file coords-v8.txt (compact mmCIF, C-alpha atoms)
# COMPACT_ATOMS: atom_id res chain seq x y z
CA GLU A 73 24.46 14.04 35.98
CA THR A 74 23.01 14.60 32.54
CA ASN A 75 21.26 11.49 31.31
CA GLY A 76 20.97 11.07 27.54
CA LYS A 77 17.98 8.74 27.88
CA VAL A 78 16.07 11.40 29.84
CA VAL A 79 16.80 14.02 27.17
CA GLU A 80 15.71 11.55 24.52
CA ALA A 81 12.46 10.88 26.39
CA ALA A 82 11.76 14.61 26.74
CA ALA A 83 12.28 15.06 23.00
CA SER A 84 9.98 12.13 22.22
CA ILE A 85 7.29 13.59 24.48
CA SER A 86 7.67 17.01 22.85
CA LEU A 87 7.20 15.47 19.41
CA GLY A 88 4.13 13.48 20.46
CA LEU A 89 5.54 9.97 20.12
CA LYS A 90 2.68 7.47 20.32
CA ASP A 91 2.68 5.06 23.25
CA VAL A 92 5.69 6.79 24.74
CA GLU A 93 5.11 4.96 28.02
CA LYS A 94 5.83 1.68 26.22
CA VAL A 95 9.16 2.98 24.94
CA TYR A 96 10.58 4.47 28.17
CA ASP A 97 10.26 3.23 31.72
CA ALA A 98 8.34 5.20 34.34
CA ARG A 99 11.48 6.47 36.07
CA THR A 100 12.86 7.96 32.83
CA LEU A 101 9.55 9.62 31.96
CA GLU A 102 9.26 11.04 35.47
CA ALA A 103 12.77 12.50 35.22
CA ALA A 104 11.94 14.01 31.81
CA HIS A 105 8.94 15.79 33.31
CA GLU A 106 10.88 16.95 36.36
CA GLN A 107 13.93 18.25 34.49
CA TYR A 108 12.33 19.59 31.32
CA GLY A 109 8.64 19.87 32.11
CA GLY A 110 7.98 17.08 29.64
CA SER A 111 8.99 19.40 26.80
CA ILE A 112 12.33 20.35 25.29
CA GLY A 113 13.43 22.39 22.27
CA LEU A 114 16.15 21.79 19.72
CA LEU A 115 18.49 24.49 21.06
CA GLU A 116 18.01 23.22 24.60
CA ILE A 117 19.09 19.74 23.50
CA VAL A 118 22.19 21.28 21.89
CA ASP A 119 22.90 23.20 25.11
CA VAL A 120 22.43 20.17 27.35
CA CYS A 121 24.73 17.97 25.26
CA ALA A 122 27.34 20.70 24.74
CA ARG A 123 27.55 21.48 28.47
CA ALA A 124 27.82 17.80 29.30
CA ASN A 125 30.82 17.66 26.96
CA GLY A 126 32.65 20.61 28.55
CA PHE A 127 31.26 23.62 26.64
CA ARG A 128 30.51 26.70 28.74
CA GLY A 129 28.72 28.95 26.25
CA THR A 130 25.17 28.77 24.93
CA ALA A 131 23.77 27.53 21.64
CA ASN A 132 21.78 30.73 21.27
CA ARG A 133 24.93 32.88 21.09
CA HIS A 134 27.62 30.45 19.91
CA ARG A 135 25.85 27.98 17.61
CA ARG A 136 28.91 26.73 15.74
CA ASP A 137 30.94 25.89 18.85
CA ALA A 138 27.88 24.57 20.67
CA LEU A 139 27.10 22.20 17.82
CA ARG A 140 30.70 21.00 17.68
CA ALA A 141 30.66 20.29 21.38
CA ALA A 142 27.24 18.63 21.30
CA PHE A 143 28.32 16.24 18.55
CA SER A 144 31.66 15.40 20.15
CA PRO A 145 31.74 13.71 23.58
CA HIS A 146 35.49 14.47 23.71
CA TRP A 147 35.21 18.12 22.71
CA GLY A 148 37.48 20.32 24.81
CA GLN A 149 39.32 17.41 26.42
CA ASP A 150 42.63 18.88 25.32
CA LEU A 151 41.64 22.29 26.78
CA ARG A 152 40.17 21.08 30.06
CA ALA A 153 42.25 18.20 31.30
CA SER A 154 40.47 18.32 34.64
CA VAL A 155 37.08 17.72 33.02
CA THR A 156 36.16 14.09 32.46
CA PRO A 157 34.51 13.86 29.02
CA SER A 158 30.88 12.79 29.10
CA THR A 159 29.51 9.96 27.01
CA ILE A 160 26.42 11.94 26.07
CA SER A 161 26.12 12.85 22.38
CA ILE A 162 23.41 14.72 20.56
CA SER A 163 23.99 12.42 17.60
CA GLY A 164 22.85 9.38 19.56
CA ILE A 165 19.92 11.18 21.17
CA LEU A 166 18.50 12.63 17.96
CA SER A 167 19.13 9.42 16.01
CA ASN A 168 17.33 7.32 18.62
CA VAL A 169 14.36 9.70 18.62
CA ALA A 170 14.29 9.75 14.82
CA ASN A 171 14.28 5.97 14.51
CA LYS A 172 11.23 5.77 16.74
CA PHE A 173 9.31 7.81 14.17
CA VAL A 174 10.65 5.92 11.16
CA ARG A 175 8.58 2.78 11.68
CA GLU A 176 5.32 4.67 11.97
CA ASN A 177 5.80 6.53 8.69
CA PHE A 178 7.38 3.53 6.98
CA MET A 179 4.22 1.57 7.71
CA PHE A 180 1.96 4.31 6.35
CA VAL A 181 3.12 3.37 2.85
CA GLU A 182 1.57 0.32 1.13
CA GLN A 183 2.78 -2.94 2.69
CA GLU A 184 1.14 -5.52 0.40
CA TRP A 185 4.56 -6.85 -0.60
CA ARG A 186 4.97 -8.34 2.87
CA LYS A 187 2.18 -10.85 2.32
CA ILE A 188 3.60 -12.52 -0.75
CA THR A 189 7.34 -12.58 -0.06
CA ALA A 190 9.58 -14.86 1.91
CA THR A 191 12.05 -12.93 4.08
CA ARG A 192 15.49 -13.87 5.27
CA SER A 193 18.35 -12.26 7.13
CA VAL A 194 21.81 -11.98 5.55
CA ARG A 195 25.11 -11.09 7.21
CA ASP A 196 26.80 -9.25 4.33
CA PHE A 197 26.36 -8.05 0.75
CA LYS A 198 27.58 -11.23 -0.93
CA GLN A 199 25.28 -13.11 -3.29
CA ILE A 200 23.31 -15.87 -1.60
CA SER A 201 21.77 -18.94 -3.18
CA SER A 202 18.78 -21.13 -2.37
CA TYR A 203 17.98 -24.54 -3.76
CA SER A 204 14.66 -25.37 -5.36
CA LEU A 205 12.17 -26.69 -2.83
CA THR A 206 11.04 -29.40 -5.21
CA GLY A 207 13.92 -31.88 -4.91
CA ASP A 208 13.75 -35.60 -4.13
CA LEU A 209 12.60 -35.27 -0.53
CA GLN A 210 9.53 -37.51 -0.52
CA TYR A 211 9.87 -40.06 2.27
CA GLU A 212 10.65 -43.66 1.38
CA LYS A 213 9.72 -46.77 3.30
CA ILE A 214 12.44 -47.68 5.77
CA ALA A 215 13.78 -51.17 5.15
CA PRO A 216 14.53 -53.63 7.95
CA GLY A 217 17.73 -52.53 9.65
CA GLY A 218 16.61 -48.88 9.88
CA GLU A 219 18.65 -47.38 7.04
CA ILE A 220 17.21 -44.09 5.83
CA LYS A 221 18.12 -43.11 2.30
CA HIS A 222 19.56 -39.71 1.48
CA GLY A 223 17.36 -37.13 -0.19
CA THR A 224 18.57 -34.68 -2.80
CA LEU A 225 17.93 -31.00 -3.26
CA GLY A 226 16.71 -29.68 -6.58
CA ASP A 227 19.26 -28.81 -9.24
CA GLU A 228 17.78 -25.34 -9.66
CA THR A 229 19.21 -22.54 -7.54
CA TYR A 230 17.82 -19.05 -6.96
CA ASN A 231 20.01 -16.10 -6.08
CA ASN A 232 19.49 -12.95 -4.05
CA GLN A 233 21.74 -10.19 -2.78
CA ALA A 234 21.35 -7.27 -0.39
CA ASP A 235 22.21 -3.78 -1.59
CA SER A 236 22.35 -0.37 0.09
CA TYR A 237 19.93 2.49 -0.49
CA GLY A 238 19.94 5.83 1.28
CA LYS A 239 19.23 9.57 1.34
CA LEU A 240 20.65 12.60 3.14
CA LEU A 241 18.71 15.66 4.33
CA GLY A 242 19.91 18.68 6.25
CA ILE A 243 18.41 20.90 8.95
CA ASP A 244 19.82 24.39 8.36
CA ARG A 245 20.57 27.28 10.73
CA ARG A 246 17.08 28.74 10.37
CA ASP A 247 15.59 25.72 12.12
CA LEU A 248 18.23 26.06 14.83
CA ILE A 249 17.46 29.76 15.26
CA ASN A 250 13.74 28.98 15.38
CA ASP A 251 14.45 26.24 17.92
CA ASP A 252 12.40 23.92 15.71
CA LEU A 253 12.64 20.37 17.05
CA GLY A 254 9.65 19.53 14.86
CA ALA A 255 11.81 20.07 11.77
CA LEU A 256 13.92 17.09 12.79
CA ALA A 257 10.81 14.98 13.31
CA SER A 258 9.48 16.04 9.91
CA VAL A 259 12.73 15.03 8.23
CA SER A 260 12.65 11.67 10.04
CA LYS A 261 9.11 10.99 8.88
CA ARG A 262 9.94 11.85 5.30
CA LEU A 263 13.00 9.64 5.36
CA GLY A 264 10.94 6.78 6.78
CA ARG A 265 8.37 7.21 4.04
CA GLY A 266 11.12 7.48 1.43
CA GLY A 267 12.56 4.18 2.56
CA ALA A 268 9.20 2.42 2.22
CA LEU A 269 8.69 3.87 -1.24
CA LYS A 270 12.10 2.61 -2.36
CA LEU A 271 11.46 -0.86 -1.02
CA ASN A 272 8.12 -0.97 -2.84
CA ASP A 273 9.79 0.29 -6.01
CA VAL A 274 12.50 -2.39 -5.93
CA PHE A 275 10.09 -5.16 -4.91
CA TRP A 276 7.39 -4.55 -7.49
CA THR A 277 9.93 -3.89 -10.24
CA ALA A 278 11.35 -7.35 -9.59
CA PHE A 279 7.95 -9.01 -9.26
CA MET A 280 6.34 -7.50 -12.37
CA ASP A 281 9.27 -8.02 -14.74
CA ASN A 282 8.18 -11.63 -14.99
CA SER A 283 7.58 -12.51 -18.65
CA SER A 284 10.21 -15.27 -18.50
CA PHE A 285 9.26 -16.33 -14.97
CA PHE A 286 5.52 -16.74 -15.53
CA SER A 287 5.55 -18.49 -18.89
CA THR A 288 4.09 -21.44 -20.75
CA GLY A 289 7.53 -23.02 -20.61
CA ASN A 290 7.42 -22.96 -16.81
CA GLY A 291 3.82 -24.17 -16.82
CA ASN A 292 2.58 -21.27 -14.71
CA TYR A 293 1.00 -18.85 -17.21
CA ASP A 294 -2.31 -18.78 -19.07
CA ASP A 295 -3.33 -16.21 -21.67
CA GLY A 296 -6.55 -17.83 -22.88
CA THR A 297 -9.90 -16.13 -23.42
CA ASP A 298 -11.20 -17.55 -20.15
CA THR A 299 -8.61 -15.84 -17.93
CA ALA A 300 -10.73 -12.84 -16.90
CA LEU A 301 -11.26 -12.57 -13.14
CA THR A 302 -14.76 -14.04 -13.02
CA ASN A 303 -16.34 -17.21 -11.74
CA ASP A 304 -15.53 -18.98 -15.01
CA GLY A 305 -11.99 -17.61 -14.90
CA LEU A 306 -11.47 -18.93 -11.38
CA VAL A 307 -12.85 -22.33 -12.36
CA ALA A 308 -10.35 -22.54 -15.22
CA ALA A 309 -7.56 -21.24 -12.96
CA ASP A 310 -8.32 -23.84 -10.30
CA ILE A 311 -8.10 -26.64 -12.87
CA LEU A 312 -4.70 -25.41 -14.01
CA TRP A 313 -3.46 -24.99 -10.44
CA GLN A 314 -4.50 -28.50 -9.43
CA ALA A 315 -2.68 -29.90 -12.46
CA MET A 316 0.70 -28.36 -11.53
CA THR A 317 3.43 -30.97 -11.04
CA ASP A 318 6.96 -31.15 -9.69
CA PRO A 319 9.98 -32.00 -11.91
CA ASP A 320 9.14 -35.72 -11.52
CA GLY A 321 5.63 -35.22 -12.83
CA LYS A 322 4.00 -35.75 -9.45
CA PRO A 323 1.42 -33.37 -7.90
CA MET A 324 2.94 -30.33 -6.19
CA GLY A 325 0.54 -30.66 -3.29
CA THR A 326 0.42 -26.90 -2.77
CA MET A 327 -2.59 -24.73 -2.03
CA ALA A 328 -3.11 -21.28 -3.50
CA LYS A 329 -3.46 -18.72 -0.70
CA TYR A 330 -3.27 -15.26 -2.29
CA LEU A 331 -5.19 -13.73 -5.17
CA VAL A 332 -2.98 -10.87 -6.35
CA CYS A 333 -4.59 -8.23 -8.56
CA PRO A 334 -4.33 -4.56 -9.61
CA PRO A 335 -6.76 -1.98 -8.14
CA ASN A 336 -8.91 -2.23 -11.29
CA LEU A 337 -9.87 -5.78 -10.29
CA ARG A 338 -10.01 -5.25 -6.54
CA ILE A 339 -13.79 -4.84 -6.27
CA ALA A 340 -14.43 -7.84 -8.52
CA ALA A 341 -12.05 -9.87 -6.35
CA PHE A 342 -13.80 -8.75 -3.15
CA ARG A 343 -17.17 -9.74 -4.56
CA LEU A 344 -15.92 -13.17 -5.54
CA MET A 345 -14.22 -13.77 -2.20
CA ASN A 346 -16.85 -12.27 0.12
CA SER A 347 -20.27 -12.90 -1.45
CA GLN A 348 -22.16 -15.94 -0.21
CA PHE A 349 -24.25 -16.19 -3.37
CA PHE A 350 -23.85 -15.28 -7.02
CA SER A 351 -25.95 -12.50 -8.48
CA SER A 352 -28.57 -13.26 -11.11
CA ASP A 353 -26.07 -12.18 -13.76
CA ASP A 354 -23.80 -15.08 -12.89
CA GLU A 355 -25.50 -18.21 -11.61
CA GLU A 356 -28.86 -17.41 -10.11
CA GLY A 357 -29.63 -18.98 -6.78
CA SER A 358 -26.34 -20.85 -6.46
CA SER A 359 -23.90 -20.58 -3.57
CA ASN A 360 -20.55 -18.96 -4.22
CA PRO A 361 -17.86 -21.67 -3.86
CA TRP A 362 -15.09 -19.06 -3.82
CA ALA A 363 -16.23 -17.23 -0.68
CA GLY A 364 -13.22 -16.94 1.64
CA THR A 365 -11.02 -19.15 -0.55
CA PHE A 366 -8.17 -16.71 -1.23
CA GLU A 367 -6.76 -13.69 0.57
CA ILE A 368 -6.76 -10.64 -1.67
CA VAL A 369 -3.53 -8.71 -2.27
CA SER A 370 -4.05 -5.58 -4.36
CA SER A 371 -1.17 -3.23 -5.12
CA LYS A 372 -1.20 0.13 -6.85
CA TYR A 373 2.08 -0.79 -8.49
CA LEU A 374 0.61 -3.62 -10.57
CA ASN A 375 -1.22 -1.33 -13.01
CA ASN A 376 1.25 1.57 -13.00
CA SER A 377 2.67 2.18 -16.48
CA ALA A 378 6.04 3.23 -15.05
CA TYR A 379 6.82 -0.45 -14.38
CA THR A 380 7.70 -3.13 -16.93
CA GLY A 381 4.99 -5.78 -17.04
CA TYR A 382 2.18 -3.59 -15.70
CA SER A 383 -1.39 -4.59 -16.51
CA THR A 384 -4.89 -3.51 -15.56
CA LYS A 385 -6.26 -7.03 -16.14
CA ALA A 386 -3.59 -9.58 -15.23
CA TRP A 387 -3.91 -11.40 -11.90
CA TYR A 388 -2.09 -14.10 -9.99
CA LEU A 389 -2.62 -17.02 -7.65
CA LEU A 390 0.27 -17.55 -5.22
CA CYS A 391 0.82 -20.07 -2.49
CA ASP A 392 2.04 -19.18 0.99
CA PRO A 393 5.61 -17.81 0.65
CA ASN A 394 6.56 -19.77 3.77
CA ASP A 395 5.86 -22.91 1.72
CA ILE A 396 7.08 -22.20 -1.82
CA PRO A 397 7.93 -18.52 -2.39
CA VAL A 398 7.78 -16.95 -5.83
CA ILE A 399 9.80 -14.02 -4.52
CA GLU A 400 12.17 -13.38 -1.62
CA THR A 401 13.28 -10.24 0.22
CA CYS A 402 16.51 -10.32 2.22
CA PHE A 403 17.55 -7.76 4.85
CA LEU A 404 21.03 -7.14 6.17
CA ASN A 405 21.12 -8.48 9.76
CA GLY A 406 17.33 -8.83 9.62
CA GLN A 407 16.81 -5.05 9.81
CA GLU A 408 13.50 -4.51 8.01
CA MET A 409 13.28 -0.78 8.74
CA PRO A 410 15.56 2.03 7.56
CA THR A 411 18.15 3.37 9.99
CA ILE A 412 18.58 7.11 10.58
CA GLU A 413 21.79 8.70 11.84
CA THR A 414 22.46 12.30 12.83
CA ALA A 415 25.63 14.37 12.42
CA GLU A 416 26.81 17.95 12.18
CA LEU A 417 26.86 19.37 8.66
CA ASP A 418 30.19 20.01 6.97
CA PHE A 419 32.22 23.05 7.97
CA ASP A 420 30.86 25.24 5.17
CA ARG A 421 27.30 24.83 6.43
CA LEU A 422 25.75 25.43 9.82
CA GLY A 423 23.14 22.87 10.75
CA ILE A 424 22.39 19.22 11.37
CA ALA A 425 22.41 16.40 8.81
CA ARG A 426 20.13 13.39 8.77
CA ARG A 427 21.05 10.37 6.72
CA ALA A 428 18.94 7.29 6.28
CA TYR A 429 19.95 3.97 4.78
CA HIS A 430 18.35 0.59 4.21
CA ASP A 431 20.09 -2.63 3.16
CA PHE A 432 17.93 -5.18 1.35
CA GLY A 433 17.58 -7.23 -1.81
CA VAL A 434 14.68 -8.71 -3.79
CA ALA A 435 14.69 -11.61 -6.26
CA LYS A 436 12.20 -14.08 -7.72
CA GLN A 437 12.55 -17.68 -6.57
CA GLU A 438 10.42 -20.77 -7.33
CA PRO A 439 8.16 -20.59 -10.45
CA ARG A 440 6.01 -23.45 -9.17
CA GLY A 441 4.80 -21.30 -6.28
CA GLY A 442 2.39 -19.29 -8.40
CA TYR A 443 0.35 -18.88 -11.56
CA LYS A 444 -0.27 -15.78 -13.70
CA PHE A 445 -3.41 -15.17 -15.72
CA LYS A 446 -3.41 -12.59 -18.50
CA GLY A 447 -7.02 -11.57 -17.83
CA GLU A 448 -7.86 -11.03 -21.49
CA ALA A 449 -7.57 -12.77 -24.85
call {"tool": "encode", "arguments": {"input": "coords-v8.txt", "output": "structure tokens"}}
result
Amino acid sequence: ETNGKVVEAAASISLGLKDVEKVYDARTLEAAHEQYGGSIGLLEIVDVCARANGFRGTANRHRRDALRAAFSPHWGQDLRASVTPSTISISGILSNVANKFVRENFMFVEQEWRKITATRSVRDFKQISSYSLTGDLQYEKIAPGGEIKHGTLGDETYNNQADSYGKLLGIDRRDLINDDLGALASVSKRLGRGGALKLNDVFWTAFMDNSSFFSTGNGNYDDGTDTALTNDGLVAADILWQAMTDPDGKPMGTMAKYLVCPPNLRIAAFRLMNSQFFSSDDEEGSSNPWAGTFEIVSSKYLNNSAYTGYSTKAWYLLCDPNDIPVIETCFLNGQEMPTIETAELDFDRLGIARRAYHDFGVAKQEPRGGYKFKGEA
């Protein structure tokens, strides 16, 4: 009996999937080696799936019919009533293999956004709302009798909403003729990378378009002459951060965790966070109080002129997004990676189609979770 999981394992081995033994059990891998020598080509996968679905020709000579049969578990059922249709489908096999390569190439693209965002799972594409985390939730002394008074959530609400993004690529007849399984892997990798680039694009577009979010009115923006990323700038920034208050005028009680800066300031940030002592140009002989204080997040998007709000000098202090997030990313059903599906191309084209889609949304949340510094007068 043809086993789709064995074919899938053989394809993964052929394409050099990392840690393949962690993905498939020993019995499946052993069967893949026994049946296919641990290696399988694209046309052979088409043949295996087509035959399992009742086709009696070969993909080498009858590509159109072989592809139709491979993509349809019920192909030929009306012609061969005595044949029980198989449940094996090339669509499922190639999609499963492709999705194993998506994560690897998705993660090759910059992932700095993950550090500074809160994430949540949503069930649909409807708008969702969150209340401000700075409501009246401070505990009160419990009076005799044990009555506990109700707290209230903040009046401010922050919205977010998942949307769909996707791309379609085709594998044409030349790749089928060349028996090029690697072409499918290449398409999968590119689609995985494309998904990561889109997520970065949406995330940093939302984060950097922040002139009304980080503002003097919100009490989380400073454009003074002392805002350059230096020791003096950090001293001034720390004073402002410690003075931040909630809507009732009481201390926020939050700690800054991330120092977010463009690549132009990355080395200066590393020196401030990693040096044990100041150089003679700063404060000779004194210990560096900033060593290890903040975790550095440096994104190439922050100083890219294609994005509204870009700057080569502005920098931010943000608290842990699990405490008070300045930005949130939501994923449909918690799926943080793109999904790839495989299908036969339309009738006017001979080949295989790969489509990838990713459902997510990004929106700014609580202004009191961060502070922006212009970095220049």
call {"tool": "atom_distance", "arguments": {"input": "coords-v8.txt", "atom1": "atom CA of Pro335 of chain A", "atom2": "atom CA of Lys261 of chain A"}}
result
26.6 Å
call {"tool": "closest_atom_pairs", "arguments": {"input": "coords-v8.txt", "of": "segment 172-265 of chain A", "to": "segment 388-405 of chain A", "cutoff": "10 Å", "atoms": "only C-alpha atoms", "output": "CSV"}}
result
residue,atom,partner,partner_atom,distance
A:Trp185,CA,A:Thr401,CA,9.4
A:Arg186,CA,A:Thr401,CA,8.9
A:Lys187,CA,A:Pro393,CA,7.9
A:Ile188,CA,A:Pro393,CA,5.8
A:Thr189,CA,A:Glu400,CA,5.1
A:Ala190,CA,A:Glu400,CA,4.6
A:Thr191,CA,A:Thr401,CA,4.9
A:Arg192,CA,A:Cys402,CA,4.8
A:Ser193,CA,A:Phe403,CA,5.1
A:Val194,CA,A:Leu404,CA,4.9
A:Arg195,CA,A:Asn405,CA,5.4
A:Asp196,CA,A:Leu404,CA,6.4
A:Phe197,CA,A:Leu404,CA,7.7
A:Ile200,CA,A:Cys402,CA,9.6
A:Ser204,CA,A:Ile396,CA,8.9
A:Leu205,CA,A:Ile396,CA,6.9
A:Thr206,CA,A:Ile396,CA,8.9
A:Tyr230,CA,A:Glu400,CA,9.6
A:Asn231,CA,A:Glu400,CA,9.4
A:Asn232,CA,A:Cys402,CA,7.4
A:Gln233,CA,A:Cys402,CA,7.2
A:Ala234,CA,A:Cys402,CA,6.3
A:Asp235,CA,A:Leu404,CA,8.5
A:Ser236,CA,A:Leu404,CA,9.2
call {"tool": "atom_distance", "arguments": {"input": "coords-v8.txt", "atom1": "atom CA of His222 of chain A", "atom2": "atom CA of Met327 of chain A"}}
result
27.0 Å
call {"tool": "closest_atom_pairs", "arguments": {"input": "coords-v8.txt", "of": "segment 121-200 of chain A", "to": "segment 408-416 of chain A", "cutoff": "6 Å", "atoms": "all atoms listed in the file", "output": "JSON lines"}}
result
{"residue": "A:Ser163", "atom": "CA", "partner": "A:Thr414", "partner_atom": "CA", "distance": 5.0}
{"residue": "A:Ser167", "atom": "CA", "partner": "A:Glu413", "partner_atom": "CA", "distance": 5.0}
{"residue": "A:Asn171", "atom": "CA", "partner": "A:Ile412", "partner_atom": "CA", "distance": 5.9}
call {"tool": "atom_distance", "arguments": {"input": "coords-v8.txt", "atom1": "atom CA of Ser202 of chain A", "atom2": "atom CA of Thr229 of chain A"}}
result
5.4 Å
call {"tool": "decode", "arguments": {"input": "coords-v8.txt", "residues": "segment 113-121 of chain A", "atoms": "all heavy atoms", "output": "PDB file, in the first residue's frame"}}
result
ATOM      1  N   GLY A 113      12.380  11.716  -7.091  1.00  0.00           N
ATOM      2  CA  GLY A 113      12.265  12.865  -7.978  1.00  0.00           C
ATOM      3  C   GLY A 113      10.835  13.338  -8.104  1.00  0.00           C
ATOM      4  O   GLY A 113       9.893  12.670  -7.658  1.00  0.00           O
ATOM      5  N   LEU A 114      10.656  14.493  -8.738  1.00  0.00           N
ATOM      6  CA  LEU A 114       9.339  15.080  -8.883  1.00  0.00           C
ATOM      7  C   LEU A 114       8.408  14.204  -9.717  1.00  0.00           C
ATOM      8  O   LEU A 114       7.259  13.953  -9.346  1.00  0.00           O
ATOM      9  CB  LEU A 114       9.457  16.471  -9.511  1.00  0.00           C
ATOM     10  CG  LEU A 114       8.156  17.245  -9.730  1.00  0.00           C
ATOM     11  CD1 LEU A 114       7.371  17.370  -8.439  1.00  0.00           C
ATOM     12  CD2 LEU A 114       8.458  18.618 -10.311  1.00  0.00           C
ATOM     13  N   LEU A 115       8.912  13.705 -10.853  1.00  0.00           N
ATOM     14  CA  LEU A 115       8.073  12.855 -11.703  1.00  0.00           C
ATOM     15  C   LEU A 115       7.717  11.552 -11.009  1.00  0.00           C
ATOM     16  O   LEU A 115       6.620  11.020 -11.196  1.00  0.00           O
ATOM     17  CB  LEU A 115       8.795  12.558 -13.024  1.00  0.00           C
ATOM     18  CG  LEU A 115       8.772  13.670 -14.078  1.00  0.00           C
ATOM     19  CD1 LEU A 115       9.528  13.228 -15.319  1.00  0.00           C
ATOM     20  CD2 LEU A 115       7.343  14.048 -14.435  1.00  0.00           C
ATOM     21  N   GLU A 116       8.627  11.035 -10.194  1.00  0.00           N
ATOM     22  CA  GLU A 116       8.333   9.793  -9.481  1.00  0.00           C
ATOM     23  C   GLU A 116       7.226  10.017  -8.460  1.00  0.00           C
ATOM     24  O   GLU A 116       6.369   9.148  -8.257  1.00  0.00           O
ATOM     25  CB  GLU A 116       9.589   9.258  -8.797  1.00  0.00           C
ATOM     26  CG  GLU A 116       9.390   7.875  -8.189  1.00  0.00           C
ATOM     27  CD  GLU A 116      10.676   7.278  -7.655  1.00  0.00           C
ATOM     28  OE1 GLU A 116      11.708   7.967  -7.671  1.00  0.00           O
ATOM     29  OE2 GLU A 116      10.634   6.107  -7.202  1.00  0.00           O
ATOM     30  N   ILE A 117       7.217  11.175  -7.813  1.00  0.00           N
ATOM     31  CA  ILE A 117       6.137  11.491  -6.880  1.00  0.00           C
ATOM     32  C   ILE A 117       4.803  11.565  -7.628  1.00  0.00           C
ATOM     33  O   ILE A 117       3.780  11.054  -7.164  1.00  0.00           O
ATOM     34  CB  ILE A 117       6.417  12.816  -6.149  1.00  0.00           C
ATOM     35  CG1 ILE A 117       7.662  12.698  -5.266  1.00  0.00           C
ATOM     36  CG2 ILE A 117       5.214  13.231  -5.302  1.00  0.00           C
ATOM     37  CD1 ILE A 117       8.058  13.982  -4.592  1.00  0.00           C
ATOM     38  N   VAL A 118       4.815  12.204  -8.805  1.00  0.00           N
ATOM     39  CA  VAL A 118       3.600  12.267  -9.623  1.00  0.00           C
ATOM     40  C   VAL A 118       3.141  10.862  -9.980  1.00  0.00           C
ATOM     41  O   VAL A 118       1.953  10.527  -9.872  1.00  0.00           O
ATOM     42  CB  VAL A 118       3.854  13.102 -10.901  1.00  0.00           C
ATOM     43  CG1 VAL A 118       2.626  13.027 -11.821  1.00  0.00           C
ATOM     44  CG2 VAL A 118       4.171  14.548 -10.548  1.00  0.00           C
ATOM     45  N   ASP A 119       4.080  10.012 -10.412  1.00  0.00           N
ATOM     46  CA  ASP A 119       3.737   8.636 -10.773  1.00  0.00           C
ATOM     47  C   ASP A 119       3.143   7.871  -9.600  1.00  0.00           C
ATOM     48  O   ASP A 119       2.126   7.187  -9.734  1.00  0.00           O
ATOM     49  CB  ASP A 119       4.993   7.907 -11.276  1.00  0.00           C
ATOM     50  CG  ASP A 119       5.195   8.071 -12.778  1.00  0.00           C
ATOM     51  OD1 ASP A 119       4.201   8.301 -13.479  1.00  0.00           O
ATOM     52  OD2 ASP A 119       6.339   7.966 -13.224  1.00  0.00           O
ATOM     53  N   VAL A 120       3.797   7.953  -8.449  1.00  0.00           N
ATOM     54  CA  VAL A 120       3.349   7.217  -7.262  1.00  0.00           C
ATOM     55  C   VAL A 120       1.925   7.618  -6.889  1.00  0.00           C
ATOM     56  O   VAL A 120       1.062   6.770  -6.643  1.00  0.00           O
ATOM     57  CB  VAL A 120       4.311   7.458  -6.084  1.00  0.00           C
ATOM     58  CG1 VAL A 120       3.704   6.929  -4.786  1.00  0.00           C
ATOM     59  CG2 VAL A 120       5.656   6.797  -6.341  1.00  0.00           C
ATOM     60  N   CYS A 121       1.665   8.933  -6.853  1.00  0.00           N
ATOM     61  CA  CYS A 121       0.343   9.412  -6.459  1.00  0.00           C
ATOM     62  C   CYS A 121      -0.708   9.098  -7.520  1.00  0.00           C
ATOM     63  O   CYS A 121      -1.843   8.739  -7.196  1.00  0.00           O
ATOM     64  CB  CYS A 121       0.392  10.916  -6.191  1.00  0.00           C
ATOM     65  SG  CYS A 121       1.435  11.371  -4.782  1.00  0.00           S
TER      66      CYS A 121
END
